[in-house]
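This report refers to the structure that appears directly beneath it.
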Amino acid sequence: MTESASVQRSLPTWDQVDVLRSFIQGRTYAAAAPTIRLNGEPPHAPGSGLARVTEVNGALYDVTSHLCRRMYDELESGAPGPIADASWGALLTIAAAWKDDPELPAWVKELLPVKQR
């Protein structure tokens with residue numbers, strides 16, 4: 001039996017998706033702060049650590065935005081299906097990186113996937 005077949009999670013509300021999106025993107029922005037350049041500053045050297053941090057943060061921001069758009073569309077449809085479940089599971093997997101963060105809402109912590117050993 002696959003994990004998705006054995007785990008039955010309820011879907012979030014629109015507001016819960018919004019809270020989790022704001023949390024993840026806030027952490028992404030905070031991590032990218034050292035890479036922000038002021039107007040007129042030269043770009044980071046290609047392949048440098050700062051350039052890679054910028055790329056990774058941009059990718060995480062884009063993935064989170066995409067998953068949340070899918071969730072919003074599914075919830076708005078009135079009949080969310082497997083796309084909603086997969087998108088919500090992916091968002092929770094991303095949030096698990098901050099499982100010990102005191103600002104992660106308690107209701108999210110209760111939903112985080114448990115790693116099997």
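Order determines the names: the first chain of the structure tokens is A, the second B, and so forth; residues in each chain are numbered 1 upward, and ligands are numbered 1 upward as they are shown.
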
Handout entry: Exercise: stretch 71-81 of chain A partners within 10 Å, only C-alpha atoms, chain neighbours under 4 positions left out, as a list in words
Key =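 After dropping sequence-adjacent residues, the list is Leu11, Pro12, Thr13, Trp14, Asp15, Val17, Asp18, Ser65, His66, Leu67, Asp85, Ala86, Ser87, Trp88 and Leu91 of chain A.
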
Practice task
Skip stretch 47-54 of chain A itself and residues of its chain fewer than 4 positions away, then list as a PyMOL selection string all residues within 7 Å of it, counting only C-alpha atoms.
Solution key: chain A and resi 32+35+58

Counting only C-alpha atoms, what are the residues of stretch 6-65 of chain A within 8 Å of stretch 94-104 of chain A, and for each of them which pair of atoms is the nearest and at what distance in Å, to one decimal? Sort the table by chain and rising number, as a tab-separated table.
```
residue	atom	partner	partner_atom	distance
A:Leu20	CA	A:Ala95	CA	7.8
A:Phe23	CA	A:Leu104	CA	7.2
A:Ile24	CA	A:Ala95	CA	6.7
```

Exercise for the section: Mind the document's chain letters and residue numbers, and return as a ChimeraX atom specification the residues of stretch 24-93 of chain A that DSSP labels helix (DSSP H, G or I). Expected result: /A:24-35,49-77,82-93

Export, as a tab-separated table (two decimals), in the first residue's frame, the selected residues with C-alpha atoms.
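Generated output (selection-v4.tsv):
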```
chain	number	residue	atom	x	y	z
A	24	ILE	CA	6.81	29.37	3.78
A	25	GLN	CA	7.32	32.41	1.59
A	26	GLY	CA	8.28	34.49	4.62
A	27	ARG	CA	10.97	31.98	5.50
A	28	THR	CA	12.10	31.92	1.87
A	29	TYR	CA	12.37	35.69	1.81
A	30	ALA	CA	14.26	35.77	5.12
A	31	ALA	CA	16.75	33.21	3.83
A	32	ALA	CA	17.27	35.26	0.67
A	33	ALA	CA	17.89	38.54	2.52
A	34	PRO	CA	21.69	38.27	2.28
A	35	THR	CA	21.41	37.90	-1.50
A	49	GLY	CA	27.15	30.68	-3.17
A	50	LEU	CA	24.98	33.81	-3.18
A	51	ALA	CA	23.85	33.17	-6.76
A	52	ARG	CA	22.87	29.62	-5.83
A	53	VAL	CA	20.99	30.75	-2.72
A	54	THR	CA	19.09	33.19	-4.93
A	55	GLU	CA	18.24	30.40	-7.40
A	56	VAL	CA	17.11	27.96	-4.71
A	57	ASN	CA	15.00	30.56	-2.94
A	58	GLY	CA	13.41	31.58	-6.22
A	59	ALA	CA	12.61	27.96	-7.04
A	60	LEU	CA	11.09	27.31	-3.61
A	61	TYR	CA	9.01	30.48	-3.88
A	62	ASP	CA	7.78	29.44	-7.36
A	63	VAL	CA	6.96	25.88	-6.27
A	64	THR	CA	5.06	27.11	-3.22
A	65	SER	CA	3.14	29.63	-5.34
A	66	HIS	CA	2.25	26.95	-7.90
A	67	LEU	CA	1.05	24.48	-5.25
A	68	CYS	CA	-1.04	27.15	-3.55
A	69	ARG	CA	-2.61	28.23	-6.85
A	70	ARG	CA	-3.57	24.60	-7.45
A	71	MET	CA	-5.04	24.39	-3.94
A	72	TYR	CA	-7.03	27.61	-4.40
A	73	ASP	CA	-8.38	26.38	-7.76
A	74	GLU	CA	-9.32	23.00	-6.32
A	75	LEU	CA	-10.98	24.47	-3.23
A	76	GLU	CA	-12.85	27.02	-5.34
A	77	SER	CA	-14.17	24.25	-7.59
A	82	PRO	CA	-6.48	14.13	-5.98
A	83	ILE	CA	-4.66	17.26	-7.20
A	84	ALA	CA	-5.69	19.05	-4.02
A	85	ASP	CA	-4.55	16.17	-1.84
A	86	ALA	CA	-1.19	15.91	-3.60
A	87	SER	CA	-0.66	19.68	-3.52
A	88	TRP	CA	-1.52	19.89	0.18
A	89	GLY	CA	0.78	16.97	0.94
A	90	ALA	CA	3.62	18.69	-0.93
A	91	LEU	CA	3.07	21.95	0.97
A	92	LEU	CA	3.15	20.07	4.27
A	93	THR	CA	6.35	18.33	3.21
```

Handout entry: Separation of atom CA of A:Val19 from atom CA of A:Pro105, in Å and rounded to one decimal
Key =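 Between atom CA of A:Val19 and atom CA of A:Pro105 the gap works out to 8.5 Å.
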